[in-house]
Every structure is written in C-alpha cells, then in structure tokens.
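Below is one structure, written out as structure tokens; comments come after it.
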Amino acid sequence: MAESILPKNYDPKSIEADWYETWEQAGHFAADPASAKTPYTIMMPPPNVTGSLHMGHALTFTLQDLLIRYHRMVGRDALWQPGQDHAGIATQMVVERQLADQKIDRRDIGREAFIDKVWEWKAESGGTIQRQLRRIGASPDWERNRFTLDEGLSKAVRQIFVQMHRDGLIYRDKRLVNWDPKLLTAISDLEVEQREQESSMWHLKYRIEGTTDEFISIATTRPETMLGDGAVAVHPDDERYKHMVGKMAILPLSNRAIPIIADEYPDPEKGSGAVKITPAHDFNDFEVGRRHDLPLINLMTETAAMAAVPEIPEKYQGMDRYEARRQILADMAAEELVDFEEKVQNSVPHGDRSGVVIEPWLMDQWYVNAAELAKPAIRAVEEGRTKFVPERWSKTYFEWMRNIQPWCISRQLWWGHRIPAWYGPDGHIFVEESEQEAMAAAQAHYGKNVELSRDNDVLDTWFSSGLWPFSTLGWPDESEDVQRDLARYYPGDVLVTGFDIIFFWVARMMMMSMYVMDDEVPFKEVYIHALVRDEKGQKMSKSKGNVMDPLDLVDQYGADPLRFTLAAMAAQGRDIKMSTTRLESYRNFATKIWNACRFLDMNGCTTSAGKIDLATVKEPVNKWIISEYNDAITKTSTAIEAYRFNEAADALYHFVWHSYCDWYVELIKPQLADEAVETRAVAASILAGAVRLLHPFMPYLTEELNQKIFGSSDLMIAADWPASVPQPDGDAVDDLRFVIKLISDIRYLRTEMNVPLSAKPVLHVRAPSAAQQRAIDSQMPALLRLARIEGIAVVERFDKGSARSSVDGLEIGLPLAGILDFEAEAARLNKEIGAVSAEVKKISAKLNNPGFLAKAPEAVVTENRRRLDEEQTRMVALEAALNRLS
C-alpha cells in the first residue's frame, strides 16, 4: 500500500487559507447578466456596518451560501447581492463613544465634522464583517457590494421619499412617539423592549369640583405625568361613576379643573376603574384624547426633565422625571391625597440599545401611511405570489400587516439619509430631491427668492433597507445595464432571514418594493430559519456567559465542520441547540471523508475517477453503491430545493459514512487487493461524486480533495451538480441490501449477547426464500468475513441456546451453547435491567411531581425527559436480549 499525498491528519487551517482568494480571483462569485442561464437571486440581508459575525449571522449566511453554491452547480446564473447597512443609531453610538473617550461631544464639532468622523470610522473599521464572512466561505458577488448610504442608494431614497410625499403616502404629523431620552431620538415600536418588573401603583384622590369631601380615586404607576392630565375616564357601564360623568375633578397640586368622561377604554375590573387621561404621554390616552378633543400638554423636555410650561407648577420645572415623581408623591401625601400604594407586575418599555425607559412624547414627525402600503403586500402573500417557508410564518406576517400603524420614519440623528425637506420663513414645507429644486419650488410659491432651512432629521434605517431588493440593482438609474439587471434579477428567488426581522425588514421590503416596482413582489419565497441557542436551549447572551463566537469555532474546528453542523441542525421550525459535541461529531465526519480519500489514494484508485461508464458496471457490490449514490443525489437535491437543509446534510452523512465507508469500502477490500479494475474506477468515481455533492456544505475541504486526490485542474465551485446514473440491475442491488441487513443483525446479536470477537459460530437460517438464498450464496465470502461466522446452515428448527432474530421475514439463529455461559449472561442482564428500572422510576417520579415541574428550569425538565426516553429504550433492548436467552 503506497503513501498518500494527503497528510495523515485533516487540518482545516492548512487547507482553508488559500482557497477563498483562488475562488475570488477566478471570478466565480460573480453573476453573469449576459449568460443564457436562468437567473437565481438572493438578496443578502445587509449586516450592520458596525457588526461582527455572531452565530445568527453564521447560520443565515451559511444557508444562503449553500443555496447559492448549489444553484451555481445546477446551472443557474446565481447572484448573491451583498452589502452593509449604515445602521443609524448603532453607528452614531459607536463614533460618539470614541469621541467621548477624547472628551469631545458631537455638538461641539457640529454636524458636518461629526459625519466626516463617521465616514473615517467606516473606512477604518467598517469592513470587519466582510472579512469575517470570507472566513466562513461566503461567496457573494463582492464586485456588486453596496452600502445603504452610497450615492446610488441615496438617490433612490430621495426619489422615493419625494414621490411618496406627492402621492400622500408620506406626511408630517404631531403624534406620540417612542422617545429615547438618552439617545435623544424617536425609535420604532420594534426597537422598544418590554421588560417585566415589579412596580408601585399609587391610588390618588382627585376632588370633585364644588365639593369638599367627595373624591374620585385613580390608579397610576406614573404620578409624574398627572400634571398633564386632560380628563378622568370611567367606563360608561360602570354604575359606581355614572353620577360623576360630566362633572369636573380638580387636579391636585395645579388646581386645574378637568372633566370626568365616559369611554370604553377603562377596565372596571382594573384598579379603581377610573383612569387619568394624559394624552401627550400615553399612547392609549392619546387616542382617548382625540375622541374627546382633550388638550395635549407636553410635560417633558427631550431629556425627560419636567418642562417649563404653564400647566406645571414652577417648583417641579427642571426636575428629572423620577425626582419629580418623588416630590409629587410627597406633596400629595402631605395633602392626604394618596389613598394607598400597591405592588404590581407590569411591562415597562425600554430602548433596546440605550436600555433606558422610553417616554411617550408628543412631537412633529414624518410618517408613512403604512396601512395603505400594506394592502398590496398582504394580497401578494394571500395570492401565493410570495410564499413563506415554513408556511406558518405567513400568519405572523398577516397579523402584523393587518394591524399596522403609521410608520414614524424620522430620527433625531445626524448619521443617515437626511430628510429631503426644506422649510420656508412661514413654515411651509418643500419636499424635493435637492436644495436647488427646493429653492425653485419656493421661488414659485413665494414669487421671490427666500431663505430655506433644511429638516435636521434623518430617515429610519429601515426606510433605505426597505428599498434593498431593487436599489442594489441600480434603480433608479435608467442606463441599459441597470434596466437589464432589474429585468433579470428582480424579483429575487428567495429571501433567507430570521423571524425576528419579519416586521423590521421583510414587511417593509414587500411594501416599498411593490409600491416602486409596479406591484411586483421583491422575492418569490421567504425562508424563515430559527434561532441559534446554547446546548440547553437558552438564548445566547453576554450576561449568561453562554455566547459562542463563530470565529472562535472556525479556529478550533474549521469553517467546513461549522457550516455542516449549522446545516445539519437547521430543521424547519426548530431552534438550533448549538454544542461543541455536535461540532466535534461533524469535524469527525470531515476527517472520515479525508481518510476515505487517503485510503483510495493509498490503494491506487484515485486516478481512475471518471474513467468508467457507471451504467456498464458488472459487479453486484458496485451496482449497489451506484444505487445508493443515486439515492443520495435525489435526497440531497430535493431537500435543498425544499429548504430542508438538515435532511440534505443527513442524506450526505448517511451515504458517505455508512453506505460508502462502513459498507462499500469493507465489502471491496479483497477486490482492491486483487487489482480489480472496475471496482477501483467505481470506488474513485463515486467518492469524487460524493465530494462534489458535499461542496455547498464544505467548500474548502471538497476543493482541496478535488485537486489533490482527484487531480482536477477545474475548480469545484464551477463544477456541475452530479447527475444520477441509469438505475442498475434491481436483483443485484436488492441482494446487497439484504446481505447488509443480515450482517447488521448478526452483529447486533453478537453485541447484545456479549459474544467474544474470537468466536465464529455457524449461522442457522430457516426457510429462506429463493431470492434470499441467492443473495446469501452470491455474497457468502463477505457474510463470513464481516459477520465473523464460520458458515451458514439451513435448519428446520433452532438449537437450544440460540440467539434468534428475523431479517425481512427470514428467521435466523446464532447457536451460542459452548460460547456463552447462559446463567452468567442472564445474571448480568437481570442486574442491568434492575439498575435501569430503578433509574426509570427515579426520573418518572421527578416528572410526575408538580413541584419539580413548576420550579425546575425548562432545560432541566427537557433533559430529564430525554434521559427517560433513553433509559426506557435501553430497558426494551435488555429485556429483548434476556428473552433471546430463554
């Protein structure tokens, strides 16, 4: 046996270093608009320019790359459009922190200088995630890379904003927003994190006007907002308060009279049944205020301090909201107007980036009429023009879209797309694509040149991201190349993303794209993958210390084992419980592939790859492996097309590890020693095909083996997907399948009954069919060698002391008298059964204990259920083994 050109050990670091540059320089990542091939498009969800690769990225980009590599191989003109998002709030925070380290505040240097600083930061640090994507083998068309603030996309943003404003879909309105008093900007509902906590609820007394001792009691967790109350509301059917409706209550501390109104909003069963209505500081109260035409009193400044407005007594003005709360409660208590305090569990909104409590704040902002835009986007999914996979996510999409609220698109930031709106001296708004056009519109409006001031706000990041499917292709440029690309690559074939951004991004792309692209959907399918959690099913977080860094895993295990692990665990609708155990298992799989190639190389087989017409083979064992190979091609292709990546990975794993390495290689070893030309060629050709099937999952390893072992000068990334071989003769394949089952069952009996390896009993079979006898006769040498038996005899009845089983209806017996001490073996089995039975009772008692189920973490309960299943399965096997002794 000769030495292999492959090193003895599989070392991912040594083979992953150079291949990426080779692929990129060869131009194989690039789409070809001039190609006659059918296009296939995936729009990469643009990671934040501030981002670093995390496990969620590793999953989504692995699956996208797998799809792209597969579709390249099946002959599609594949475009994977890459890019990065400017990430308004996140990026501004990063640069502000850097400036703060230098004792610089952005307001001190001004807007233009600050934006220059952000661009400097992007030039130095903004490419981090691109380099990291290369590490895991992602193969997008980097030549087409886009940035949401590059000039082309900025032009698209301006043009669409102006058009939507002219169509009445963008407007300015005074409404409540989620105000972040730390970041000093409005944020969307989706950027608000509701945190459950214990809070105090105070029951306060408001005196009824014209009385000295009649009060109405209201309950609130936010007494600092009472100074902005516009009314007290009660339910119209609440008998306790019917006589008060229409009267006035005196607002404590400010002595302002406010009406008592009837409205459906208050819940008679909650608190006192009477609620204070503060229209400018609560979203529900805002709607009540609109229905009853109540005054809107903005109580706070942008930093959540009490404002200097007439409605607020001077002593509270300038106080922080929580300082004002303490003082108001003290003053109310001094006047004996605090009825009582109770503890309640409630949800408190926090900014997901700043971590501070969000303040509903009344201000002028820019809005999109999302309800109108949502109508065609809803119809498209209803009609099946865009399909969700798994389909259940369409319900989530519908629920949100059918209840969509006006979309606040203005942000009080400096980094981002500045809103293309200018204000005249009287406040008249001019919305135009450029300052020159705004000046011309103002001149036409006023009849003279006037000074204009531009809106200071920028657009919500998701506004520009919503244009991604077409703006990245060059829209609104009308050049021939752009029009060709739009016609060819829009709409995309699939969007691959996590469920957490169905609202943030998927819905907005549907709405914006259909508005711009003449009602054409942006993608035909949306594949929603699950979350990557830790091995116990817990969400990964720094505070829990359970975060797994994908780049650390690449360093430790290799990019290919990580990719294969993620694909193998990506079952639809089930979160991934990531563990190093699974990574080690799939690194071992990569090693198995490596060793199989070394084995063929050392046996002089690899030069025979592709030098035989597989449809002409004669040997039954070769016909069988070709049949298994065909199955692997079909199962893998079908699973990838259906986004069942785990099933595709499982099909390949089973074929390579079990069919090829465990069985085929063992079956052909005697032939390899005899210089069998056909078998050498088949062995090499099938393994070369398997390596090709594995390429979308393990690109580095397969590229290395393709060149080093199979001597190919062509790159695997540009290879064709394997085609099935004409189906071999059925009898030969069936014979091999039966013999493999027979050997497996004999091995199982030997293991279960503790038969020594040195023992070679004669296998007894009873009444084999003609086909079974033919299979046994044709594969007798393999049966004797691999099952470790002396021979096979047909009998009418089995000897006493035989371990019995059946294979495809054939009864078999392994005579063990004289080989085993039956009494000692029965004692061993009974002892094990006793131990397993005790463990089953122990675990069952836990799982039947309501106290345990109530207190134990979900992961602990799940682990106990897994162990119970495992022990019960073991019990069945042990009892079966004991029965075989009788």
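In the structure tokens, chains take letters A, B, ... by order of appearance, with residues numbered from 1 within each chain and ligands from 1 in the order shown.
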
Within 10 Å of region 159-165 of chain A using only C-alpha atoms, minus same-chain residues under 2 positions, as a PyMOL selection string:
chain A and resi 153-157+167-172+367-369+419-421+430-434+459+463-464+467+476+512+515-516

Would you return as a ChimeraX atom specification the members of region 110-204 of chain A that DSSP assigns to helix (DSSP H, G or I) on this structure's backbone?
/A:111-125,128-135,142-144,151-166,189-191

Quick one: which region 594-645 of chain A residues come within 12 Å of region 490-494 of chain A, and what is the nearest atom pair for each with the distance in Å to one decimal, counting only C-alpha atoms, rows ordered by chain and ascending number, as CSV?
```
residue,atom,partner,partner_atom,distance
A:Glu641,CA,A:Val494,CA,10.9
A:Ala642,CA,A:Val494,CA,11.4
A:Tyr643,CA,A:Val494,CA,10.2
```

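Residues in contact range of Ala304 (chain A), defined as at most 12 Å between only C-alpha atoms, with sequence neighbours fewer than 5 positions away removed, read Trp179, Asp180, Pro181, Lys182, Leu183, Leu184, Thr185, Glu224, Thr225, His281, Asn298, Leu299, Gln317, Gly318, Met319, Asp320, Arg321, Tyr322, Glu323, Ala324, Arg325, Val356, Val357, Ile358, Glu359, Pro360 and Trp361 of chain A.
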
Just-selected residues, N, CA and C atoms written as a JSON list (two decimals), in the first residue's frame:
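Done, and the output landed in selection_13.json:
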```json
[["chain", "number", "residue", "atom", "x", "y", "z"],
["A", 179, "TRP", "N", -39.92, 58.01, 22.59],
["A", 179, "TRP", "CA", -38.76, 58.90, 22.68],
["A", 179, "TRP", "C", -37.71, 58.30, 23.62],
["A", 180, "ASP", "N", -36.49, 58.21, 23.10],
["A", 180, "ASP", "CA", -35.37, 57.71, 23.90],
["A", 180, "ASP", "C", -34.63, 58.91, 24.48],
["A", 181, "PRO", "N", -34.78, 59.17, 25.80],
["A", 181, "PRO", "CA", -34.18, 60.37, 26.40],
["A", 181, "PRO", "C", -32.67, 60.28, 26.59],
["A", 182, "LYS", "N", -32.10, 59.13, 26.27],
["A", 182, "LYS", "CA", -30.63, 59.01, 26.32],
["A", 182, "LYS", "C", -30.05, 59.25, 24.93],
["A", 183, "LEU", "N", -30.62, 58.58, 23.92],
["A", 183, "LEU", "CA", -30.13, 58.76, 22.55],
["A", 183, "LEU", "C", -30.70, 60.01, 21.89],
["A", 184, "LEU", "N", -31.73, 60.58, 22.53],
["A", 184, "LEU", "CA", -32.38, 61.81, 22.04],
["A", 184, "LEU", "C", -32.93, 61.64, 20.63],
["A", 185, "THR", "N", -33.64, 60.53, 20.43],
["A", 185, "THR", "CA", -34.28, 60.30, 19.14],
["A", 185, "THR", "C", -35.53, 59.47, 19.33],
["A", 224, "GLU", "N", -45.85, 61.22, 37.99],
["A", 224, "GLU", "CA", -45.22, 62.43, 37.48],
["A", 224, "GLU", "C", -45.93, 63.00, 36.27],
["A", 225, "THR", "N", -46.76, 62.17, 35.59],
["A", 225, "THR", "CA", -47.47, 62.66, 34.40],
["A", 225, "THR", "C", -48.82, 63.28, 34.73],
["A", 281, "HIS", "N", -48.70, 61.79, 26.90],
["A", 281, "HIS", "CA", -47.68, 60.93, 27.49],
["A", 281, "HIS", "C", -48.10, 59.47, 27.63],
["A", 298, "ASN", "N", -47.50, 68.82, 26.66],
["A", 298, "ASN", "CA", -46.19, 68.17, 26.66],
["A", 298, "ASN", "C", -45.46, 68.53, 27.95],
["A", 299, "LEU", "N", -45.33, 67.56, 28.85],
["A", 299, "LEU", "CA", -44.81, 67.85, 30.18],
["A", 299, "LEU", "C", -43.30, 67.85, 30.28],
["A", 317, "GLN", "N", -40.55, 72.33, 37.77],
["A", 317, "GLN", "CA", -39.92, 72.57, 36.47],
["A", 317, "GLN", "C", -38.41, 72.33, 36.55],
["A", 318, "GLY", "N", -37.89, 71.58, 35.56],
["A", 318, "GLY", "CA", -36.46, 71.29, 35.52],
["A", 318, "GLY", "C", -36.07, 70.02, 36.23],
["A", 319, "MET", "N", -36.98, 69.45, 37.04],
["A", 319, "MET", "CA", -36.67, 68.20, 37.74],
["A", 319, "MET", "C", -36.64, 67.03, 36.76],
["A", 320, "ASP", "N", -35.74, 66.07, 37.01],
["A", 320, "ASP", "CA", -35.78, 64.81, 36.29],
["A", 320, "ASP", "C", -37.12, 64.12, 36.58],
["A", 321, "ARG", "N", -37.62, 63.31, 35.65],
["A", 321, "ARG", "CA", -38.95, 62.72, 35.79],
["A", 321, "ARG", "C", -39.09, 61.91, 37.08],
["A", 322, "TYR", "N", -38.02, 61.21, 37.49],
["A", 322, "TYR", "CA", -38.13, 60.39, 38.70],
["A", 322, "TYR", "C", -38.00, 61.23, 39.97],
["A", 323, "GLU", "N", -37.22, 62.30, 39.89],
["A", 323, "GLU", "CA", -37.16, 63.24, 41.01],
["A", 323, "GLU", "C", -38.52, 63.92, 41.19],
["A", 324, "ALA", "N", -39.14, 64.28, 40.06],
["A", 324, "ALA", "CA", -40.48, 64.90, 40.11],
["A", 324, "ALA", "C", -41.50, 63.92, 40.68],
["A", 325, "ARG", "N", -41.38, 62.64, 40.34],
["A", 325, "ARG", "CA", -42.29, 61.63, 40.89],
["A", 325, "ARG", "C", -42.23, 61.62, 42.41],
["A", 356, "VAL", "N", -32.67, 52.57, 28.53],
["A", 356, "VAL", "CA", -33.41, 53.47, 29.42],
["A", 356, "VAL", "C", -34.91, 53.37, 29.15],
["A", 357, "VAL", "N", -35.71, 53.80, 30.14],
["A", 357, "VAL", "CA", -37.15, 53.77, 29.99],
["A", 357, "VAL", "C", -37.58, 54.77, 28.92],
["A", 358, "ILE", "N", -38.38, 54.29, 27.98],
["A", 358, "ILE", "CA", -38.85, 55.12, 26.88],
["A", 358, "ILE", "C", -39.98, 56.03, 27.35],
["A", 359, "GLU", "N", -39.99, 57.25, 26.84],
["A", 359, "GLU", "CA", -41.03, 58.22, 27.20],
["A", 359, "GLU", "C", -41.92, 58.47, 25.99],
["A", 360, "PRO", "N", -43.22, 58.16, 26.08],
["A", 360, "PRO", "CA", -44.13, 58.62, 25.01],
["A", 360, "PRO", "C", -44.09, 60.14, 24.97],
["A", 361, "TRP", "N", -43.80, 60.70, 23.83],
["A", 361, "TRP", "CA", -43.56, 62.14, 23.74],
["A", 361, "TRP", "C", -44.25, 62.69, 22.51]]
```

Give me the residues near region 698-702 of chain A as a PyMOL selection string, where near means some atom within 6 Å (using only C-alpha atoms) and where sequence neighbours in that chain fewer than 6 positions away do not count.
chain A and resi 16+560+691

Mind writing the picked residues with N, CA, C and O atoms as a compact mmCIF listing (two decimals), in the first residue's frame?
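Produced file selection.txt, reproduced below:
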```txt
# COMPACT_ATOMS: atom_id res chain seq x y z
N GLU A 16 -7.81 25.86 4.44
CA GLU A 16 -8.79 26.94 4.22
C GLU A 16 -8.13 28.27 3.91
O GLU A 16 -8.82 29.21 3.52
N ASP A 560 -15.59 24.44 7.57
CA ASP A 560 -16.45 23.41 6.98
C ASP A 560 -17.23 22.63 8.04
O ASP A 560 -18.44 22.44 7.89
N VAL A 691 -17.94 13.90 -3.02
CA VAL A 691 -17.23 15.14 -2.68
C VAL A 691 -17.88 16.32 -3.38
O VAL A 691 -18.04 17.40 -2.80
```

From the options A:Val288, A:Leu66, A:Ile109, A:Thr472, which residue's atoms come nearest to Ala649 (chain A), counting only C-alpha atoms?
A:Leu66

Write out as a JSON list (two decimals) with C-alpha atoms, in the first residue's frame all residues of region 260-337 of chain A that backbone DSSP assigns to strand (DSSP E or B).
```
[["chain", "number", "residue", "atom", "x", "y", "z"],
["A", 260, "ILE", "CA", -64.86, 63.26, 34.06],
["A", 261, "ILE", "CA", -65.69, 61.47, 30.81],
["A", 262, "ALA", "CA", -67.22, 58.14, 29.79],
["A", 274, "ALA", "CA", -61.23, 55.26, 36.94],
["A", 275, "VAL", "CA", -58.14, 56.26, 34.97],
["A", 276, "LYS", "CA", -56.30, 59.51, 34.47],
["A", 277, "ILE", "CA", -56.03, 60.51, 30.81],
["A", 300, "MET", "CA", -41.21, 66.94, 29.48],
["A", 305, "ALA", "CA", -36.97, 66.55, 32.66],
["A", 306, "MET", "CA", -40.14, 68.44, 33.61],
["A", 320, "ASP", "CA", -35.78, 64.81, 36.29]]
```
